[in-house]
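Next comes protein.txt, a file with compact mmCIF, C-alpha atoms.
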# COMPACT_ATOMS: atom_id res chain seq x y z
CA MET A 1 -69.94 -4.61 85.41
CA GLY A 2 -67.74 -2.11 83.66
CA LEU A 3 -64.73 -3.56 85.42
CA ASN A 4 -65.65 -7.06 84.36
CA ALA A 5 -65.97 -5.87 80.73
CA PHE A 6 -62.50 -4.37 80.92
CA HIS A 7 -61.04 -7.59 82.22
CA ASN A 8 -62.80 -9.48 79.48
CA ASP A 9 -61.43 -7.15 76.72
CA ALA A 10 -57.83 -7.19 78.00
CA PRO A 11 -56.86 -10.50 76.40
CA ASN A 12 -58.22 -9.26 73.08
CA MET A 13 -56.20 -6.05 73.29
CA THR A 14 -53.08 -8.00 74.10
CA ALA A 15 -53.63 -10.24 71.09
CA VAL A 16 -54.13 -7.20 68.86
CA ILE A 17 -50.96 -5.56 70.14
CA ARG A 18 -49.04 -8.82 69.72
CA SER A 19 -50.39 -9.12 66.19
CA LEU A 20 -49.39 -5.52 65.39
CA ARG A 21 -45.93 -6.12 66.76
CA GLN A 22 -45.55 -9.24 64.64
CA GLY A 23 -46.80 -7.36 61.58
CA ILE A 24 -44.37 -4.50 62.18
CA SER A 25 -41.51 -6.93 62.77
CA LEU A 26 -42.39 -8.80 59.58
CA LEU A 27 -42.61 -5.54 57.65
CA LEU A 28 -39.27 -4.36 58.99
CA SER A 29 -37.77 -7.74 58.16
CA GLN A 30 -39.15 -7.55 54.62
CA GLN A 31 -37.84 -3.99 54.25
CA ARG A 32 -34.40 -5.05 55.45
CA HIS A 33 -34.51 -8.00 53.03
CA LEU A 34 -35.59 -5.69 50.20
CA LEU A 35 -32.85 -3.25 51.12
CA VAL A 36 -30.28 -6.06 51.07
CA VAL A 37 -31.56 -7.27 47.70
CA LEU A 38 -31.49 -3.70 46.38
CA MET A 39 -27.94 -3.15 47.65
CA LEU A 40 -26.81 -6.44 46.14
CA SER A 41 -28.41 -5.48 42.83
CA VAL A 42 -26.70 -2.09 42.84
CA ALA A 43 -23.39 -3.70 43.78
CA SER A 44 -23.76 -6.31 41.02
CA LEU A 45 -24.61 -3.63 38.48
CA SER A 46 -21.63 -1.57 39.56
CA LEU A 47 -19.32 -4.57 39.33
CA ALA A 48 -20.74 -5.44 35.90
CA THR A 49 -20.22 -1.85 34.74
CA ILE A 50 -16.64 -1.86 35.99
CA ALA A 51 -16.01 -5.25 34.37
CA TRP A 52 -17.43 -4.12 31.01
CA SER A 53 -15.50 -0.86 31.21
CA SER A 54 -12.30 -2.77 31.95
CA LEU A 55 -13.01 -5.21 29.11
CA LEU A 56 -13.71 -2.43 26.60
CA THR A 57 -10.58 -0.58 27.70
CA SER A 58 -8.57 -3.78 27.27
CA LEU A 59 -10.07 -4.41 23.83
CA GLU A 60 -9.36 -0.83 22.71
CA SER A 61 -5.81 -1.15 23.98
CA LYS A 62 -5.35 -4.44 22.11
CA LYS A 63 -6.91 -2.92 18.98
CA ALA A 64 -4.58 0.08 19.14
CA GLN A 65 -1.59 -2.22 19.63
CA ALA A 66 -2.70 -4.45 16.74
CA ILE A 67 -3.00 -1.41 14.47
CA LYS A 68 0.39 -0.17 15.60
CA ASP A 69 1.94 -3.59 14.96
CA SER A 70 0.26 -3.76 11.52
CA TYR A 71 1.64 -0.34 10.60
CA ALA A 72 5.11 -1.33 11.76
CA HIS A 73 4.92 -4.60 9.80
CA ALA A 74 3.65 -2.86 6.66
CA GLU A 75 6.33 -0.18 6.97
CA GLY A 76 8.99 -2.86 7.31
CA LEU A 77 7.73 -4.68 4.23
CA ALA A 78 7.52 -1.44 2.26
CA GLN A 79 11.03 -0.44 3.23
CA SER A 80 12.45 -3.86 2.35
CA TYR A 81 10.65 -3.90 -0.99
CA ALA A 82 11.70 -0.32 -1.77
CA GLU A 83 15.34 -1.21 -1.22
CA ARG A 84 15.05 -4.21 -3.56
CA LEU A 85 13.19 -2.16 -6.14
CA ALA A 86 15.83 0.56 -5.97
CA ARG A 87 18.49 -2.04 -6.79
CA THR A 88 16.35 -3.37 -9.65
CA ILE A 89 15.85 0.10 -11.14
CA ASP A 90 19.56 0.81 -10.67
CA GLY A 91 20.36 -2.34 -12.66
CA PHE A 92 18.20 -1.18 -15.56
CA ASP A 93 19.69 2.29 -15.32
CA ARG A 94 23.17 0.81 -15.68
CA ILE A 95 22.01 -0.81 -18.94
CA LEU A 96 20.95 2.60 -20.24
CA VAL A 97 24.20 4.25 -19.15
CA HIS A 98 26.25 1.46 -20.69
CA VAL A 99 24.39 1.61 -24.03
CA ARG A 100 24.66 5.40 -24.07
CA HIS A 101 28.37 5.28 -23.29
CA ASP A 102 28.96 2.70 -26.03
CA TRP A 103 27.01 4.85 -28.48
CA ASP A 104 29.18 7.82 -27.58
CA LEU A 105 32.44 5.88 -27.92
CA SER A 106 31.42 4.34 -31.25
CA GLU A 107 30.34 7.77 -32.54
CA GLY A 108 26.85 6.51 -33.25
CA LYS A 109 27.81 3.17 -34.78
CA THR A 110 26.44 0.92 -32.02
CA LYS A 111 24.00 -1.69 -33.32
CA LEU A 112 21.44 -3.20 -30.97
CA GLU A 113 19.62 -5.28 -33.59
CA ARG A 114 21.24 -8.60 -32.56
CA ALA A 115 21.31 -7.86 -28.81
CA GLU A 116 18.24 -9.99 -28.07
CA GLU A 117 19.53 -12.83 -30.21
CA VAL A 118 22.83 -13.08 -28.34
CA GLY A 119 21.19 -12.47 -24.96
CA ILE A 120 22.87 -9.21 -23.97
CA PHE A 121 19.82 -8.04 -22.04
CA PRO A 122 17.76 -10.20 -19.60
CA ARG A 123 14.90 -11.52 -21.73
CA ASP A 124 12.55 -12.12 -18.83
CA ALA A 125 12.69 -8.45 -17.88
CA VAL A 126 13.72 -6.28 -20.83
CA VAL A 127 11.36 -6.08 -23.80
CA VAL A 128 13.39 -3.63 -25.87
CA VAL A 129 16.33 -1.22 -25.69
CA ALA A 130 16.42 1.50 -28.32
CA ILE A 131 18.05 4.79 -29.23
CA PHE A 132 16.08 7.61 -30.84
CA ASP A 133 17.38 10.77 -32.48
CA GLU A 134 16.34 14.37 -31.78
CA GLY A 135 13.25 13.90 -33.92
CA GLY A 136 12.10 10.73 -32.15
CA ASN A 137 13.10 8.44 -35.00
CA THR A 138 14.66 5.03 -34.35
CA LEU A 139 18.43 4.87 -34.76
CA THR A 140 18.91 1.33 -33.45
CA SER A 141 16.80 -1.15 -31.49
CA SER A 142 17.17 -4.55 -29.87
CA HIS A 143 13.72 -5.56 -31.09
CA PRO A 144 13.89 -7.89 -34.13
CA ARG A 145 11.24 -5.88 -35.95
CA THR A 146 11.69 -2.13 -36.12
CA PRO A 147 8.61 -0.51 -37.65
CA ALA A 148 8.79 3.08 -38.85
CA PHE A 149 7.37 5.43 -36.22
CA THR A 150 8.34 8.39 -34.05
CA VAL A 151 8.31 8.69 -30.26
CA SER A 152 8.42 12.48 -30.32
CA ASP A 153 4.96 12.59 -28.74
CA ARG A 154 5.90 10.42 -25.79
CA PRO A 155 6.05 12.21 -22.40
CA TYR A 156 9.56 10.94 -21.62
CA PHE A 157 10.85 12.26 -24.96
CA GLN A 158 9.34 15.69 -24.34
CA PHE A 159 10.83 15.73 -20.86
CA HIS A 160 14.38 15.02 -22.04
CA LYS A 161 14.02 17.43 -24.94
CA TYR A 162 13.22 20.41 -22.74
CA ILE A 163 14.99 19.49 -19.47
CA ASN A 164 18.72 19.74 -20.00
CA GLU A 165 19.71 17.47 -17.11
CA ASP A 166 21.03 13.94 -16.94
CA LEU A 167 18.03 12.35 -15.22
CA LEU A 168 16.56 8.86 -15.22
CA VAL A 169 12.87 8.99 -16.08
CA VAL A 170 10.60 6.07 -15.11
CA GLY A 171 7.45 6.51 -17.16
CA GLU A 172 3.94 5.25 -16.60
CA PRO A 173 2.96 1.90 -18.17
CA MET A 174 2.02 2.16 -21.82
CA ARG A 175 1.60 0.03 -24.92
CA GLY A 176 5.03 -0.33 -26.52
CA ARG A 177 5.17 0.57 -30.21
CA PHE A 178 7.89 -1.98 -30.91
CA SER A 179 6.41 -4.97 -29.13
CA ASN A 180 2.73 -4.00 -28.75
CA GLU A 181 3.15 -5.20 -25.16
CA GLU A 182 2.51 -3.28 -21.99
CA VAL A 183 5.84 -1.87 -20.80
CA VAL A 184 7.30 0.56 -18.30
CA LEU A 185 9.78 2.80 -20.10
CA LEU A 186 13.04 3.95 -18.50
CA SER A 187 14.94 6.64 -20.36
CA ARG A 188 17.93 8.95 -20.31
CA ARG A 189 19.10 11.78 -22.50
CA LEU A 190 21.87 11.10 -25.05
CA PHE A 191 25.08 13.13 -24.71
CA PRO A 192 24.17 14.61 -21.30
CA SER A 193 27.13 17.03 -21.35
CA ASN A 194 25.90 18.54 -24.62
CA ALA A 195 23.48 21.45 -24.25
CA GLU A 196 21.95 20.59 -27.62
CA PHE A 197 19.34 17.83 -27.50
CA ARG A 198 20.52 14.84 -29.57
CA GLY A 199 18.01 12.14 -28.64
CA VAL A 200 17.30 9.54 -25.95
CA VAL A 201 18.14 5.97 -24.97
CA VAL A 202 15.16 3.92 -23.76
CA ALA A 203 14.61 0.54 -22.09
CA GLY A 204 11.15 -1.02 -22.07
CA ILE A 205 10.72 -3.46 -19.17
CA ARG A 206 7.89 -5.77 -18.26
CA PRO A 207 5.70 -4.30 -15.44
CA GLU A 208 5.50 -7.66 -13.64
CA TYR A 209 9.27 -7.64 -13.18
CA LEU A 210 8.91 -4.70 -10.80
CA THR A 211 6.88 -6.91 -8.44
CA ALA A 212 8.91 -10.09 -8.94
CA ASN A 213 9.99 -9.97 -5.28
CA TYR A 214 6.42 -10.62 -4.12
CA SER A 215 6.29 -13.52 -1.68
CA GLU A 216 2.98 -15.10 -0.70
CA THR A 217 4.57 -16.24 2.55
CA THR A 218 5.31 -12.62 3.43
CA PHE A 219 2.41 -10.72 1.87
CA GLY A 220 -0.27 -13.40 2.06
CA GLU A 221 -2.50 -14.89 -0.60
CA HIS A 222 -4.21 -11.56 -1.36
CA GLY A 223 -1.49 -9.11 -0.33
CA TYR A 224 -1.15 -5.75 -2.09
CA LEU A 225 2.12 -4.50 -3.54
CA GLY A 226 2.35 -1.32 -5.59
CA VAL A 227 5.02 0.89 -7.15
CA LEU A 228 4.35 4.61 -6.76
CA GLY A 229 6.19 7.25 -8.78
CA VAL A 230 7.37 10.62 -7.50
CA ASP A 231 4.42 12.06 -9.42
CA LYS A 232 2.16 10.16 -6.97
CA GLN A 233 0.94 7.90 -9.79
CA ILE A 234 1.07 4.11 -9.51
CA ARG A 235 3.23 2.35 -12.08
CA VAL A 236 2.25 -1.25 -11.39
CA VAL A 237 0.35 -3.17 -8.71
CA ARG A 238 0.16 -6.78 -7.64
CA ILE A 239 -2.59 -8.45 -5.61
CA GLY A 240 -1.75 -12.06 -4.92
CA SER A 241 -0.69 -13.62 -8.20
CA LYS A 242 -2.30 -10.95 -10.38
CA VAL A 243 -0.02 -8.22 -11.76
CA THR A 244 -1.61 -5.20 -13.41
CA ALA A 245 -0.15 -2.06 -14.95
CA ILE A 246 -2.24 0.93 -13.99
CA GLN A 247 -3.44 1.83 -17.51
CA SER A 248 -5.58 -1.33 -17.56
CA ALA A 249 -6.24 -1.63 -13.83
CA ASP A 250 -9.62 -2.72 -12.55
CA PRO A 251 -11.19 -0.94 -9.53
CA VAL A 252 -9.67 -3.24 -6.92
CA THR A 253 -6.14 -2.66 -8.19
CA SER A 254 -6.66 1.10 -8.46
CA PHE A 255 -6.17 1.51 -4.72
CA TYR A 256 -3.98 4.55 -4.12
CA PRO A 257 -2.10 4.58 -0.82
CA ASP A 258 -1.39 7.87 0.91
CA ALA A 259 1.96 8.93 -0.49
CA GLU A 260 2.42 11.44 2.34
CA SER A 261 1.98 8.84 5.06
CA GLU A 262 5.03 7.59 6.92
CA ARG A 263 3.34 4.27 7.62
CA GLY A 264 2.97 1.44 5.14
CA VAL A 265 4.40 3.44 2.26
CA THR A 266 7.99 4.00 1.20
CA GLN A 267 8.54 6.48 -1.60
CA LEU A 268 11.62 6.20 -3.81
CA GLU A 269 13.40 9.53 -4.33
As structure tokens, please, write out the structure in this file.
Amino acid sequence: MGLNAFHNDAPNMTAVIRSLRQGISLLLSQQRHLLVVLMLSVASLSLATIAWSSLLTSLESKKAQAIKDSYAHAEGLAQSYAERLARTIDGFDRILVHVRHDWDLSEGKTKLERAEEVGIFPRDAVVVVAIFDEGGNTLTSSHPRTPAFTVSDRPYFQFHKYINEDLLVVGEPMRGRFSNEEVVLLSRRLFPSNAEFRGVVVAGIRPEYLTANYSETTFGEHGYLGVLGVDKQIRVVRIGSKVTAIQSADPVTSFYPDAESERGVTQLE
């Protein structure tokens, strides 16, 4: 009877074993599938990380190159403008030297009163040319109206009075006492070979003339162009079509570039 019971239970045991085997096989299959999915996920994540890293590296490289190109472009523009400005300032300086030389040759008899009328000086650029004595009083002037005043308090006058050297001084923008217009004053000492101070010759020019070379094609609609003195102070700035002398500059035009930088700035010596 026991033997018969064993024979009767055998098929059941076989079915159980077969079922266990199928379950184990299914589990192993699911584990292998999960492992494959996990490996694919890790591989995808790794590839994505590498791709993003490569993209960010490429973007940083392009950004660095764009900045480098911008610096080079700005430096080129600054250098080109500085060379033109140097020629412009040299032209005005020649006017001062010529007037001073004529004053010396005529022994103080030069008259500038009719200079504007006959067009000796460029009217679109020069507001006034004048000669002042050692006390700052007007000796002769190209301005049609010569009010009584002294320039002895002006910084350029004080400079020439106490610095016995033949130097061109380009002053900061100020309100001209002849014209009541905003001007940039260029000046030289009279009789430079004489140790005794005898006065100065001065040319008042329009600030906008210093940025007349601005080109919207080159600088853009809102490009910035500024003239910086050796004293690190801006003389005049231009943003787009707006020209402003620094004494009346609004915040946006009061931008001061780094005068020590070799990029984007060219300083006239």
Practice prompt. Find the residues near Arg114 of chain A: any atom within 8 Å, counting all atoms listed in the file, skip ones fewer than 3 places away on the same chain, and give them as a count of residues only.
Written response: 5
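In this structure, atom CA of His101 of chain A sits 16.2 Å away from atom CA of Glu165 of chain A.
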Discussion item. With distances taken over all atoms listed in the file, which residue among A:Leu112, A:Ile95, A:Val126, A:Val170 lies nearest Gly229 of chain A?
Written reply: A:Val170
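When all atoms listed in the file are used to compute distances to Thr140 of chain A, the closest of the residues A:Phe191, A:Phe178, A:Tyr224, A:Tyr71 turns out to be A:Phe178.
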Item to complete: Counting only C-alpha atoms, figure out which residue out of A:Leu55, A:Ile131, A:Leu168, A:Leu45 gets nearest to Arg94 of chain A.
Response: A:Leu168
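Residue nearest Glu134 of chain A, chosen from A:Leu96, A:Val183, A:Ala51, A:Val151 and counting only C-alpha atoms: A:Val151.
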Neighbours of Phe132 of chain A within 12 Å (only C-alpha atoms; same-chain residues fewer than 2 positions away dropped), as a compact mmCIF listing (two decimals) with C-alpha atoms, keeping the file's coordinate frame?
# COMPACT_ATOMS: atom_id res chain seq x y z
CA ARG A 100 24.66 5.40 -24.07
CA TRP A 103 27.01 4.85 -28.48
CA GLY A 108 26.85 6.51 -33.25
CA VAL A 129 16.33 -1.22 -25.69
CA ALA A 130 16.42 1.50 -28.32
CA GLU A 134 16.34 14.37 -31.78
CA GLY A 135 13.25 13.90 -33.92
CA GLY A 136 12.10 10.73 -32.15
CA ASN A 137 13.10 8.44 -35.00
CA THR A 138 14.66 5.03 -34.35
CA LEU A 139 18.43 4.87 -34.76
CA THR A 140 18.91 1.33 -33.45
CA SER A 141 16.80 -1.15 -31.49
CA THR A 146 11.69 -2.13 -36.12
CA ALA A 148 8.79 3.08 -38.85
CA PHE A 149 7.37 5.43 -36.22
CA THR A 150 8.34 8.39 -34.05
CA VAL A 151 8.31 8.69 -30.26
CA SER A 152 8.42 12.48 -30.32
CA ARG A 154 5.90 10.42 -25.79
CA TYR A 156 9.56 10.94 -21.62
CA PHE A 157 10.85 12.26 -24.96
CA HIS A 160 14.38 15.02 -22.04
CA LYS A 161 14.02 17.43 -24.94
CA SER A 187 14.94 6.64 -20.36
CA ARG A 188 17.93 8.95 -20.31
CA ARG A 189 19.10 11.78 -22.50
CA LEU A 190 21.87 11.10 -25.05
CA PHE A 197 19.34 17.83 -27.50
CA ARG A 198 20.52 14.84 -29.57
CA GLY A 199 18.01 12.14 -28.64
CA VAL A 200 17.30 9.54 -25.95
CA VAL A 201 18.14 5.97 -24.97
CA VAL A 202 15.16 3.92 -23.76
CA ALA A 203 14.61 0.54 -22.09
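Note that the spacing between atom CA of Asp90 of chain A and atom CA of Asp104 of chain A amounts to 20.7 Å.
The space separating atom CA of Ala212 of chain A from atom CA of Val169 of chain A comes to 20.8 Å.
Comparing A:Thr244, A:Gln158, A:Ser215, A:Gln79 by their smallest distance to Met174 of chain A, the closest is A:Thr244 (using all atoms listed in the file).
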Practice prompt. Enumerate, as JSON, numbers by chain, the protein, DNA and RNA residues whose atoms approach (2.6, 7.9, -17.1) to within 10 Å, taking into account all atoms listed in the file and the coordinate frame of the file.
Written response: {"A": [154, 155, 156, 170, 171, 172, 173, 174, 184, 185, 229, 231, 233, 234, 235, 246, 247]}
Item to complete: Would you mind listing what lies within 9 Å of Pro192 of chain A as a PyMOL selection string, with all atoms listed in the file counted and same-chain residues fewer than 6 positions away left out?
Response: chain A and resi 164-167
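Take the candidates A:Ile163, A:Ala66, A:Ile50, A:Val128 and check each one against Gly204 of chain A using all atoms listed in the file; the shortest distance goes to A:Val128.
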Item to complete: Using all atoms listed in the file, determine which residues lie at most 9 Å from Leu210 of chain A, disregarding the query and same-chain residues fewer than 4 positions distant; provide the list as a list in words.
Response: Leu85, Thr88, Ile89, Ala125, Ile205, Arg206, Val227, Val236 and Val237 of chain A
